[in-house]
>>> print(open('upload15.cif').read())   # mmCIF, C-alpha atoms and all ligand atoms
data_run
#
loop_
_atom_site.label_atom_id
_atom_site.label_comp_id
_atom_site.auth_asym_id
_atom_site.auth_seq_id
_atom_site.Cartn_x
_atom_site.Cartn_y
_atom_site.Cartn_z
CA MET A 30 -14.19 -1.39 42.39
CA MET A 31 -11.04 0.10 40.97
CA LYS A 32 -8.32 2.21 42.52
CA PHE A 33 -7.49 5.61 41.02
CA LEU A 34 -4.87 8.19 41.81
CA VAL A 35 -6.65 11.55 41.89
CA ILE A 36 -4.69 14.53 40.53
CA SER A 37 -5.95 18.08 40.58
CA ASN A 38 -2.74 19.72 39.31
CA LYS A 39 -3.04 18.82 35.62
CA ARG A 40 0.45 19.98 34.73
CA MET A 41 1.96 17.26 36.93
CA CYS A 42 -0.23 14.49 35.61
CA GLN A 43 1.88 13.35 32.64
CA GLY A 44 5.08 13.04 34.75
CA ILE A 45 3.26 11.11 37.47
CA TYR A 46 1.66 8.82 34.93
CA LEU A 47 4.96 8.05 33.19
CA LYS A 48 6.67 7.25 36.51
CA LEU A 49 3.81 4.92 37.51
CA LYS A 50 4.05 3.29 34.10
CA ARG A 51 7.80 2.78 34.49
CA HIS A 52 7.15 1.01 37.81
CA ARG A 53 4.30 -0.99 36.22
CA LEU A 54 1.83 0.38 38.78
CA THR A 55 -0.86 1.74 36.44
CA LYS A 56 -3.44 0.14 34.19
CA GLY A 57 -3.58 3.45 32.20
CA PRO A 58 -4.69 5.48 30.33
CA ILE A 59 -5.33 8.83 32.11
CA ILE A 60 -9.06 9.55 32.50
CA ARG A 61 -10.58 13.04 32.62
CA ASN A 62 -13.21 13.35 35.34
CA ASP A 63 -14.81 16.80 35.79
CA ASP A 64 -11.98 19.11 36.90
CA LYS A 65 -9.71 16.25 38.01
CA LEU A 66 -7.60 13.64 36.29
CA LEU A 67 -7.63 10.00 37.34
CA ILE A 68 -4.88 7.46 36.81
CA PRO A 69 -6.10 3.84 37.16
CA LEU A 70 -3.82 1.98 39.62
CA ASN A 71 -2.97 -1.66 40.08
CA ASN A 72 -4.76 -3.09 43.11
CA SER A 73 -1.49 -3.56 45.01
CA VAL A 74 -0.73 0.21 45.10
CA ASP A 75 -1.40 1.99 48.41
CA LEU A 76 -0.86 5.51 49.70
CA ILE A 77 2.50 4.59 51.26
CA THR A 78 3.81 3.59 47.81
CA ILE A 79 2.50 6.86 46.34
CA ARG A 80 4.09 9.00 49.07
CA ARG A 81 7.40 7.19 48.59
CA LEU A 82 7.34 7.71 44.81
CA PHE A 83 6.07 11.32 44.88
CA PRO A 84 7.17 12.81 48.26
CA GLU A 85 6.73 16.35 46.91
CA CYS A 86 3.06 15.82 45.96
CA GLU A 87 1.25 15.74 49.28
CA GLU A 88 -2.14 16.43 47.75
CA LEU A 89 -2.23 13.09 45.87
CA ARG A 90 -4.89 10.70 47.12
CA ILE A 91 -6.28 7.35 46.18
CA GLU A 92 -10.00 6.80 45.55
CA GLU A 93 -11.86 3.60 44.89
CA LYS A 94 -14.69 3.81 42.34
CA ASP A 95 -16.79 1.74 40.03
CA TYR A 96 -15.44 2.76 36.68
CA LEU A 97 -15.08 0.97 33.39
CA ILE A 98 -11.93 2.02 31.56
CA PRO A 99 -13.10 2.79 28.03
CA GLU A 100 -11.44 0.36 25.65
CA ARG A 101 -9.22 2.09 23.11
CA PRO A 102 -10.52 1.47 19.58
CA ARG A 103 -8.04 -0.75 17.78
CA SER A 104 -9.41 -0.41 14.27
CA PHE A 105 -11.67 1.96 12.36
CA LYS A 106 -14.35 -0.72 12.56
CA ASP A 107 -14.23 -0.56 16.40
CA LEU A 108 -15.13 3.13 16.10
CA LEU A 109 -18.12 2.27 13.92
CA LYS A 110 -19.61 -0.28 16.34
CA ASN A 111 -22.13 2.23 17.68
CA VAL A 112 -22.88 3.71 14.29
CA LEU A 113 -23.50 0.67 12.11
CA GLY A 114 -25.42 -2.54 12.73
CA SER A 115 -23.32 -5.66 13.16
CA ASP A 116 -24.44 -7.04 9.76
CA GLU A 117 -23.49 -3.77 8.09
CA LEU A 118 -20.15 -3.75 9.86
CA LYS A 119 -19.35 -7.27 8.63
CA ARG A 120 -19.82 -6.14 5.03
CA ILE A 121 -17.23 -3.38 5.27
CA PRO A 122 -13.72 -4.66 4.51
CA SER A 123 -11.23 -4.48 7.37
CA SER A 124 -8.40 -3.66 5.01
CA PHE A 125 -8.02 -0.98 2.38
CA ASP A 126 -5.23 0.66 0.40
CA ILE A 127 -3.25 3.59 1.72
CA ILE A 128 -1.32 5.50 -0.96
CA GLY A 129 0.73 8.24 0.72
CA ASP A 130 -1.83 10.11 2.82
CA ILE A 131 -4.84 8.94 0.76
CA ALA A 132 -6.95 5.91 1.76
CA ILE A 133 -9.11 4.04 -0.77
CA ILE A 134 -11.78 1.67 0.50
CA GLU A 135 -14.45 -0.48 -1.12
CA ILE A 136 -17.89 0.20 0.39
CA PRO A 137 -20.98 -1.78 -0.65
CA GLU A 138 -23.30 0.49 -2.65
CA ASP A 139 -26.19 0.29 -0.17
CA LEU A 140 -23.87 1.48 2.65
CA MET A 141 -22.67 4.57 0.77
CA ASN A 142 -25.07 6.66 2.87
CA ARG A 143 -22.71 5.87 5.82
CA ALA A 144 -19.56 6.56 3.77
CA GLU A 145 -18.66 9.83 5.51
CA GLU A 146 -18.73 8.19 8.95
CA ILE A 147 -16.60 5.33 7.62
CA GLY A 148 -14.10 7.77 6.10
CA LYS A 149 -13.86 9.82 9.29
CA ALA A 150 -13.33 6.66 11.36
CA ILE A 151 -10.43 5.69 9.07
CA MET A 152 -8.90 9.15 9.53
CA ARG A 153 -9.23 8.97 13.33
CA ILE A 154 -7.36 5.67 13.53
CA HIS A 155 -4.84 6.30 10.73
CA THR A 156 -3.87 9.81 11.68
CA ARG A 157 -1.55 10.38 8.70
CA VAL A 158 -4.48 9.82 6.28
CA LYS A 159 -5.81 13.18 5.09
CA THR A 160 -8.23 12.05 2.35
CA VAL A 161 -10.50 9.03 2.00
CA TYR A 162 -12.05 7.82 -1.26
CA ALA A 163 -14.53 5.04 -1.89
CA LYS A 164 -14.08 2.93 -5.02
CA ALA A 165 -16.80 3.83 -7.52
CA GLY A 166 -16.11 1.25 -10.18
CA ARG A 167 -13.56 -1.19 -11.57
CA VAL A 168 -10.13 -0.37 -12.98
CA THR A 169 -10.94 0.26 -16.64
CA GLY A 170 -9.75 1.71 -19.92
CA GLU A 171 -6.37 1.93 -21.57
CA TYR A 172 -4.98 4.00 -18.70
CA ARG A 173 -6.19 1.49 -16.08
CA THR A 174 -7.77 4.11 -13.81
CA ARG A 175 -10.87 3.86 -11.65
CA LYS A 176 -13.57 6.30 -10.58
CA LEU A 177 -13.39 7.30 -6.92
CA THR A 178 -15.84 9.15 -4.67
CA LEU A 179 -14.44 11.48 -2.03
CA ILE A 180 -16.00 10.49 1.33
CA ALA A 181 -13.89 12.35 3.92
CA GLY A 182 -11.03 14.80 4.29
CA GLU A 183 -9.27 17.09 1.85
CA PRO A 184 -10.45 17.02 -1.77
CA LYS A 185 -7.12 16.15 -3.39
CA ALA A 186 -5.87 13.41 -5.70
CA THR A 187 -2.07 13.67 -5.60
CA THR A 188 0.15 12.40 -2.84
CA ILE A 189 3.68 11.13 -2.25
CA HIS A 190 3.92 7.41 -1.57
CA SER A 191 7.06 5.70 -0.21
CA GLU A 192 8.26 2.23 -1.17
CA TYR A 193 11.57 0.83 0.10
CA GLY A 194 12.83 4.38 0.71
CA LEU A 195 11.91 5.53 -2.82
CA ARG A 196 9.28 8.24 -3.30
CA PHE A 197 6.51 8.25 -5.87
CA LYS A 198 4.16 11.07 -6.69
CA VAL A 199 0.84 9.51 -7.58
CA ASP A 200 -2.44 10.91 -8.87
CA VAL A 201 -5.04 8.41 -7.63
CA LEU A 202 -7.72 9.69 -10.03
CA ASN A 203 -5.73 9.91 -13.27
CA THR A 204 -3.02 7.25 -13.01
CA TYR A 205 -2.72 3.63 -11.96
CA PHE A 206 -0.91 2.81 -8.72
CA SER A 207 -1.23 -0.07 -6.27
CA PRO A 208 0.62 -0.10 -2.94
CA ARG A 209 0.15 -3.88 -2.98
CA LEU A 210 2.76 -4.19 -5.74
CA ALA A 211 5.63 -2.89 -3.58
CA TYR A 212 7.20 -6.32 -3.06
CA GLU A 213 6.80 -7.18 -6.75
CA HIS A 214 8.50 -3.95 -7.84
CA ARG A 215 11.44 -4.77 -5.59
CA ARG A 216 11.57 -8.47 -6.46
CA VAL A 217 11.86 -7.76 -10.21
CA ALA A 218 14.44 -5.00 -9.61
CA GLU A 219 16.61 -7.44 -7.67
CA GLU A 220 16.61 -9.85 -10.65
CA VAL A 221 18.18 -7.23 -12.95
CA ARG A 222 21.98 -7.27 -13.42
CA ASP A 223 24.28 -4.30 -14.04
CA GLY A 224 24.65 -3.54 -17.75
CA GLU A 225 21.20 -4.78 -18.79
CA ILE A 226 18.79 -2.93 -21.08
CA VAL A 227 15.27 -3.21 -19.70
CA VAL A 228 11.96 -2.15 -21.26
CA ASP A 229 9.16 -1.48 -18.76
CA MET A 230 6.34 -1.56 -21.32
CA PHE A 231 3.56 -0.26 -19.04
CA THR A 232 5.43 1.83 -16.49
CA GLY A 233 2.62 3.97 -15.01
CA VAL A 234 4.27 6.53 -12.69
CA GLY A 235 7.49 4.47 -12.92
CA PRO A 236 7.80 2.19 -9.88
CA PHE A 237 9.47 -0.81 -11.63
CA ALA A 238 11.82 1.47 -13.59
CA ILE A 239 12.81 3.55 -10.55
CA HIS A 240 13.33 0.52 -8.28
CA ILE A 241 15.55 -1.03 -10.98
CA ALA A 242 17.60 2.11 -11.59
CA SER A 243 18.03 2.54 -7.83
CA LEU A 244 19.67 -0.89 -7.57
CA ARG A 245 21.52 -1.41 -10.85
CA ARG A 246 23.73 0.45 -13.33
CA CYS A 247 21.54 -0.26 -16.31
CA LEU A 248 19.35 1.43 -18.91
CA VAL A 249 15.56 1.34 -18.55
CA TYR A 250 13.06 2.45 -21.19
CA ALA A 251 9.99 3.42 -19.15
CA VAL A 252 6.98 3.58 -21.46
CA ASP A 253 3.41 4.69 -20.86
CA LEU A 254 0.57 5.84 -23.03
CA ASN A 255 -1.07 8.00 -20.35
CA PRO A 256 0.25 11.61 -20.45
CA ALA A 257 -0.62 12.11 -16.73
CA ALA A 258 1.42 9.02 -15.79
CA TYR A 259 4.30 10.21 -18.03
CA ARG A 260 4.38 13.64 -16.33
CA LEU A 261 4.51 12.01 -12.90
CA LEU A 262 7.16 9.54 -14.13
CA ILE A 263 9.38 12.51 -14.99
CA GLU A 264 8.72 14.09 -11.58
CA ASN A 265 9.46 10.77 -9.89
CA ILE A 266 12.79 10.38 -11.69
CA LYS A 267 13.71 13.86 -10.38
CA LEU A 268 12.36 13.07 -6.90
CA ASN A 269 14.61 9.99 -6.62
CA LYS A 270 17.54 11.34 -8.65
CA ARG A 271 20.06 11.07 -5.82
CA ASN A 272 19.25 7.39 -5.34
CA LEU A 273 19.50 6.33 -8.98
CA LYS A 274 22.54 4.45 -10.33
CA GLY A 275 20.97 3.51 -13.64
CA GLU A 276 19.51 5.66 -16.39
CA ILE A 277 15.81 5.91 -17.22
CA ILE A 278 14.51 7.02 -20.62
CA PRO A 279 10.87 8.11 -20.17
CA VAL A 280 8.65 7.58 -23.21
CA ASN A 281 5.06 8.78 -23.62
CA ALA A 282 3.79 6.52 -26.39
CA ASP A 283 1.96 3.36 -27.30
CA VAL A 284 4.63 0.72 -26.74
CA ARG A 285 3.61 -0.91 -30.06
CA LEU A 286 4.74 2.22 -31.83
CA LEU A 287 8.00 2.35 -29.89
CA ALA A 288 8.70 -1.27 -30.91
CA LYS A 289 8.82 -0.13 -34.54
CA TYR A 290 11.87 2.01 -33.70
CA ILE A 291 13.75 0.04 -31.05
CA ARG A 292 13.75 -3.66 -31.97
CA ASN A 293 15.96 -6.44 -30.70
CA ILE A 294 17.35 -4.33 -27.88
CA ALA A 295 16.26 -5.56 -24.44
CA ASN A 296 17.70 -8.17 -22.10
CA ARG A 297 14.49 -7.98 -20.10
CA VAL A 298 10.92 -6.81 -20.69
CA ILE A 299 8.32 -6.07 -18.00
CA MET A 300 4.68 -6.49 -19.07
CA ASN A 301 2.52 -5.34 -16.15
CA LEU A 302 -0.78 -4.83 -17.97
CA PRO A 303 -2.41 -8.05 -16.74
CA GLU A 304 -5.81 -7.53 -18.36
CA TYR A 305 -4.37 -7.16 -21.88
CA SER A 306 -0.75 -8.41 -21.73
CA HIS A 307 -1.67 -11.40 -23.96
CA GLU A 308 -2.17 -8.88 -26.80
CA PHE A 309 1.39 -7.54 -26.37
CA VAL A 310 3.55 -10.68 -26.39
CA GLY A 311 4.50 -10.04 -30.04
CA THR A 312 5.61 -6.51 -29.11
CA ALA A 313 7.59 -7.78 -26.11
CA LEU A 314 9.41 -10.31 -28.28
CA THR A 315 10.21 -7.64 -30.88
CA LEU A 316 11.81 -5.56 -28.13
CA LEU A 317 13.67 -8.53 -26.65
CA ARG A 318 17.07 -9.42 -28.13
CA LYS A 319 17.06 -12.10 -30.81
CA GLU A 320 19.54 -14.08 -28.68
CA GLY A 321 16.87 -14.19 -26.00
CA GLY A 322 16.15 -12.67 -22.63
CA VAL A 323 13.71 -12.57 -19.76
CA ILE A 324 10.08 -11.48 -19.82
CA HIS A 325 8.01 -10.77 -16.73
CA TYR A 326 4.53 -11.59 -17.95
CA TYR A 327 1.55 -10.51 -15.79
CA THR A 328 -1.93 -11.89 -16.20
CA PHE A 329 -5.19 -12.50 -14.32
CA GLU A 330 -6.30 -16.11 -13.81
CA ASP A 331 -9.11 -17.87 -11.98
CA GLU A 332 -8.62 -20.74 -9.54
CA PRO A 333 -8.05 -23.64 -9.73
CA GLU A 334 -4.64 -24.19 -11.34
CA GLU A 335 -4.19 -20.47 -11.84
CA LEU A 336 -0.38 -20.78 -11.97
CA GLU A 337 -0.42 -23.60 -14.53
CA LYS A 338 -2.96 -21.69 -16.67
CA ALA A 339 -0.72 -18.62 -16.74
CA VAL A 340 2.33 -20.61 -17.83
CA ARG A 341 0.35 -22.52 -20.49
CA LYS A 342 -1.07 -19.27 -21.87
CA LEU A 343 2.35 -17.62 -22.12
CA ARG A 344 3.93 -20.72 -23.70
CA CYS A 345 1.25 -20.75 -26.46
CA LEU A 346 1.61 -17.01 -27.09
CA VAL A 347 5.42 -17.21 -27.33
CA GLU A 348 5.32 -20.23 -29.63
CA ALA A 349 2.78 -18.48 -31.86
CA GLN A 350 5.53 -15.88 -32.46
CA GLY A 351 8.01 -18.58 -33.49
CA ARG A 352 10.02 -18.39 -30.24
CA ARG A 353 10.32 -20.71 -27.25
CA ILE A 354 10.28 -20.58 -23.46
CA LEU A 355 13.63 -22.12 -22.48
CA LYS A 356 12.91 -22.01 -18.78
CA VAL A 357 10.16 -20.80 -16.45
CA LEU A 358 12.25 -18.98 -13.88
CA LYS A 359 9.38 -18.21 -11.52
CA VAL A 360 5.62 -18.21 -11.37
CA ARG A 361 3.79 -16.65 -8.41
CA ARG A 362 0.57 -15.10 -7.25
CA VAL A 363 1.19 -11.34 -6.96
CA LYS A 364 -2.12 -10.43 -5.29
CA SER A 365 -5.71 -11.46 -5.03
CA ILE A 366 -7.99 -9.28 -7.16
CA ALA A 367 -11.38 -10.91 -6.41
CA PRO A 368 -12.51 -14.11 -4.72
CA HIS A 369 -10.75 -17.01 -6.49
CA ARG A 370 -9.11 -14.68 -9.04
CA TRP A 371 -5.41 -13.80 -8.98
CA HIS A 372 -2.89 -11.42 -10.45
CA ILE A 373 -0.09 -13.80 -11.54
CA VAL A 374 3.44 -13.24 -12.80
CA VAL A 375 5.46 -15.63 -14.94
CA ASP A 376 9.18 -14.88 -15.28
CA ALA A 377 10.37 -16.74 -18.37
CA LEU A 378 13.68 -17.08 -20.17
CA VAL A 379 12.74 -16.88 -23.84
CA SER A 380 14.87 -17.92 -26.83
C1 LIG B 401 -1.50 -1.74 -14.59
S1 LIG B 401 -0.79 -0.21 -15.03
C2 LIG B 401 0.87 -0.62 -14.56
C3 LIG B 401 1.54 0.40 -13.74
C4 LIG B 401 2.93 0.11 -13.24
N1 LIG B 401 3.64 -0.92 -13.96
C5 LIG B 401 2.90 -0.19 -11.75
O1 LIG B 401 3.42 -1.22 -11.34
O2 LIG B 401 2.39 0.64 -10.98
C6 LIG B 401 -0.71 -0.30 -16.79
C7 LIG B 401 -0.21 0.95 -17.49
O3 LIG B 401 -0.09 0.66 -18.89
C8 LIG B 401 -0.38 1.82 -19.62
N2 LIG B 401 -0.71 1.39 -20.99
C9 LIG B 401 -1.83 0.79 -21.44
N3 LIG B 401 -1.75 0.50 -22.75
C10 LIG B 401 -0.52 0.91 -23.15
C11 LIG B 401 0.18 0.86 -24.38
N4 LIG B 401 -0.37 0.35 -25.46
N5 LIG B 401 1.43 1.36 -24.42
C12 LIG B 401 2.00 1.88 -23.32
N6 LIG B 401 1.39 1.97 -22.14
C13 LIG B 401 0.14 1.48 -22.03
C14 LIG B 401 -1.52 2.46 -18.85
O4 LIG B 401 -1.60 3.84 -19.12
C15 LIG B 401 -1.14 2.15 -17.38
O5 LIG B 401 -0.44 3.22 -16.81
#
>>> encode(input="upload15.cif", output="structure tokens", more="lines below")
Ligand SMILES: C[S@@+](CC[C@H](N)C(=O)[O-])C[C@H]1O[C@@H](n2cnc3c(N)ncnc32)[C@H](O)[C@@H]1O
Amino acid sequence: MMKFLVISNKRMCQGIYLKLKRHRLTKGPIIRNDDKLLIPLNNSVDLITIRRLFPECEELRIEEKDYLIPERPRSFKDLLKNVLGSDELKRIPSSFDIIGDIAIIEIPEDLMNRAEEIGKAIMRIHTRVKTVYAKAGRVTGEYRTRKLTLIAGEPKATTIHSEYGLRFKVDVLNTYFSPRLAYEHRRVAEEVRDGEIVVDMFTGVGPFAIHIASLRRCLVYAVDLNPAAYRLLIENIKLNKRNLKGEIIPVNADVRLLAKYIRNIANRVIMNLPEYSHEFVGTALTLLRKEGGVIHYYTFEDEPEELEKAVRKLRCLVEAQGRRILKVLKVRRVKSIAPHRWHIVVDALVS
């Protein structure tokens, strides 16, 4: 049996509940019961306590009832417990990406018939999410985009995503963006010194470039082949204008072509195209000053020894261009991309 405070005047309920909560006398939350509201009480509370706390509310009474307080769902998977079987539920990932107000989740193909319920459950728990997509393929092509299937909410693809107080307009269907790179964007930006010239070879909608220019008085060439990414890059520079100390030169081109015009210029080159970056080391070294500089080389590697493999690969590629790695400044796993497969970065000082 549980004790409840019974309230018929609904307008007073919130105030009474908050006061009980302040005195740690309720197990909350408020329960609707026909035309009355019930506040679950701690067992120690009696009518004398209630009269003392609320002398003006003579109609308040305490009832004892058998009543199970419904547990508040803590995750979207809690909401799906009555909809999906437990085996099905286990196969749905607990985590997913949220970009601005758009959520993107991976759903096994044979559970796509439940996708709408899954999407709605996500929106009920994450109330700022307005649109939910299911992944419908791998990240592919030169522009590194992926097909998505709308499963719930508004049919839209653009949103504003915040990272470290900076704002990025993203088009989840036509440009690449991963919210799981936020720390990496910031980490690299913090390595840059005032006065540097940086080339962000594969800038996407500009997160590395904009983080860098927000922290340092420097010049960043932000290059991308994808016209949709380039348009958003320009919008994002405007969106963050007041927070930028450095200058960004947006370029919509194949970086190999750009390297024919601006050679031997950069103190630092960022190569975040992990699937194909090995094909661009020659271009990066053309852009880098002859006296040397830093490259941030991104790659995918399988376990085991994924970090060692990444360093070995970069060393070979640099030496094949007649240059040398003077020092590996850092090597780290950026994120997991599949079981036993990692997105790795090597920061190297190159002669
Ligand atoms: C993995 S995304 C990186 C996005 C960005 N650096 C970030 O952190 O969000 C790679 C980008 O490289 C661009 N890209 C691919 N090949 C390119 C090339 N040859 N020249 C310039 N950009 C290229 C793609 O359009 C894509 O936007």
>>> closest_atom_pairs(input="upload15.cif", of="chain A", to="ligand LIG 401 (chain B)", cutoff="7 Å", atoms="all atoms listed in the file", output="Markdown table")
| residue | atom | partner | partner_atom | distance |
| --- | --- | --- | --- | --- |
| A:Glu171 | CA | B:LIG401 | C9 | 4.7 |
| A:Tyr172 | CA | B:LIG401 | O4 | 3.4 |
| A:Arg173 | CA | B:LIG401 | C15 | 5.3 |
| A:Thr204 | CA | B:LIG401 | O5 | 6.1 |
| A:Tyr205 | CA | B:LIG401 | S1 | 5.3 |
| A:Phe206 | CA | B:LIG401 | O2 | 4.6 |
| A:Ser207 | CA | B:LIG401 | O2 | 6.0 |
| A:Leu210 | CA | B:LIG401 | O1 | 6.4 |
| A:His214 | CA | B:LIG401 | O1 | 6.7 |
| A:Met230 | CA | B:LIG401 | C12 | 5.9 |
| A:Phe231 | CA | B:LIG401 | O3 | 3.8 |
| A:Thr232 | CA | B:LIG401 | N1 | 4.1 |
| A:Gly233 | CA | B:LIG401 | O5 | 3.6 |
| A:Val234 | CA | B:LIG401 | O2 | 6.4 |
| A:Gly235 | CA | B:LIG401 | C4 | 6.3 |
| A:Pro236 | CA | B:LIG401 | O2 | 5.7 |
| A:Phe237 | CA | B:LIG401 | O1 | 6.1 |
| A:Val252 | CA | B:LIG401 | C12 | 5.6 |
| A:Asp253 | CA | B:LIG401 | N6 | 3.6 |
| A:Leu254 | CA | B:LIG401 | N6 | 4.1 |
| A:Asn255 | CA | B:LIG401 | O4 | 4.4 |
| A:Ala258 | CA | B:LIG401 | O5 | 6.2 |
| A:Ala282 | CA | B:LIG401 | C12 | 5.8 |
| A:Asp283 | CA | B:LIG401 | N5 | 3.5 |
| A:Val284 | CA | B:LIG401 | N5 | 4.0 |
| A:Arg285 | CA | B:LIG401 | N4 | 6.2 |
| A:Asn301 | CA | B:LIG401 | N1 | 5.1 |
| A:Leu302 | CA | B:LIG401 | C1 | 4.6 |
| A:Pro303 | CA | B:LIG401 | C1 | 6.7 |
>>> residues_around(input="upload15.cif", residues="Asn265 of chain A", least_positions_apart="5", cutoff="10 Å", atoms="all atoms listed in the file", output="list of chain:residue names")
A:Ile189, A:Leu195, A:Arg196, A:Phe197, A:Lys198, A:Val199, A:Val234, A:Gly235, A:Pro236, A:Ile239, A:Tyr259, A:Arg260, A:Lys270
>>> closest_atom_pairs(input="upload15.cif", of="segment 284-321 of chain A", to="segment 335-345 of chain A", cutoff="10 Å", atoms="all atoms listed in the file", output="CSV")
residue,atom,partner,partner_atom,distance
A:Ser306,CA,A:Leu343,CA,9.7
A:His307,CA,A:Leu343,CA,7.6
A:Val310,CA,A:Leu343,CA,8.2
>>> write_last_selection(input="upload15.cif", atoms="C-alpha atoms", output="tab-separated table (two decimals), keeping the file's coordinate frame")
chain	number	residue	atom	x	y	z
A	306	SER	CA	-0.75	-8.41	-21.73
A	307	HIS	CA	-1.67	-11.40	-23.96
A	310	VAL	CA	3.55	-10.68	-26.39
>>> closest_residue(input="upload15.cif", among="A:Lys110, A:Arg103, A:Lys39, A:Arg370", to="Arg61 of chain A", atoms="all atoms listed in the file")
A:Lys39
>>> closest_residue(input="upload15.cif", among="A:Arg216, A:Lys164, A:Arg80, A:Arg101", to="Ala144 of chain A", atoms="all atoms listed in the file")
A:Lys164
>>> residues_around(input="upload15.cif", residues="Val227 of chain A", least_positions_apart="3", cutoff="12 Å", atoms="all atoms listed in the file", output="ChimeraX atom specification")
/A:217-218,220-224,230,232,237-239,241-242,245-252,275-278,291,293-300,313,316-318,322-325
>>> decode(input="upload15.cif", residues="segment 238-253 of chain A", atoms="N, CA and C atoms", output="compact mmCIF listing (two decimals), in the first residue's frame")
# COMPACT_ATOMS: atom_id res chain seq x y z
N ALA A 238 38.57 24.19 -40.21
CA ALA A 238 38.97 25.55 -40.58
C ALA A 238 38.35 26.58 -39.62
N ILE A 239 37.08 26.41 -39.30
CA ILE A 239 36.40 27.41 -38.47
C ILE A 239 36.86 27.32 -37.01
N HIS A 240 37.09 26.12 -36.51
CA HIS A 240 37.65 25.99 -35.15
C HIS A 240 39.01 26.70 -35.10
N ILE A 241 39.85 26.44 -36.12
CA ILE A 241 41.20 27.03 -36.13
C ILE A 241 41.11 28.56 -36.16
N ALA A 242 40.31 29.08 -37.09
CA ALA A 242 40.23 30.54 -37.22
C ALA A 242 39.57 31.18 -35.99
N SER A 243 38.82 30.40 -35.24
CA SER A 243 38.20 30.96 -34.03
C SER A 243 39.23 31.09 -32.90
N LEU A 244 40.31 30.30 -32.99
CA LEU A 244 41.30 30.32 -31.90
C LEU A 244 42.55 31.11 -32.25
N ARG A 245 42.92 31.14 -33.54
CA ARG A 245 44.24 31.69 -33.90
C ARG A 245 44.16 32.72 -35.02
N ARG A 246 45.09 33.70 -34.95
CA ARG A 246 45.23 34.68 -36.03
C ARG A 246 46.10 34.04 -37.10
N CYS A 247 45.45 33.36 -38.03
CA CYS A 247 46.22 32.63 -39.03
C CYS A 247 45.42 32.63 -40.34
N LEU A 248 45.99 31.99 -41.36
CA LEU A 248 45.30 31.93 -42.65
C LEU A 248 45.01 30.46 -42.96
N VAL A 249 43.74 30.16 -43.26
CA VAL A 249 43.38 28.77 -43.56
C VAL A 249 42.78 28.67 -44.96
N TYR A 250 43.40 27.85 -45.81
CA TYR A 250 42.76 27.49 -47.08
C TYR A 250 41.84 26.32 -46.77
N ALA A 251 40.54 26.50 -47.02
CA ALA A 251 39.56 25.45 -46.72
C ALA A 251 39.04 24.93 -48.06
N VAL A 252 39.42 23.70 -48.39
CA VAL A 252 39.21 23.19 -49.75
C VAL A 252 38.22 22.03 -49.75
N ASP A 253 37.27 22.06 -50.66
CA ASP A 253 36.41 20.88 -50.86
C ASP A 253 35.89 20.84 -52.29
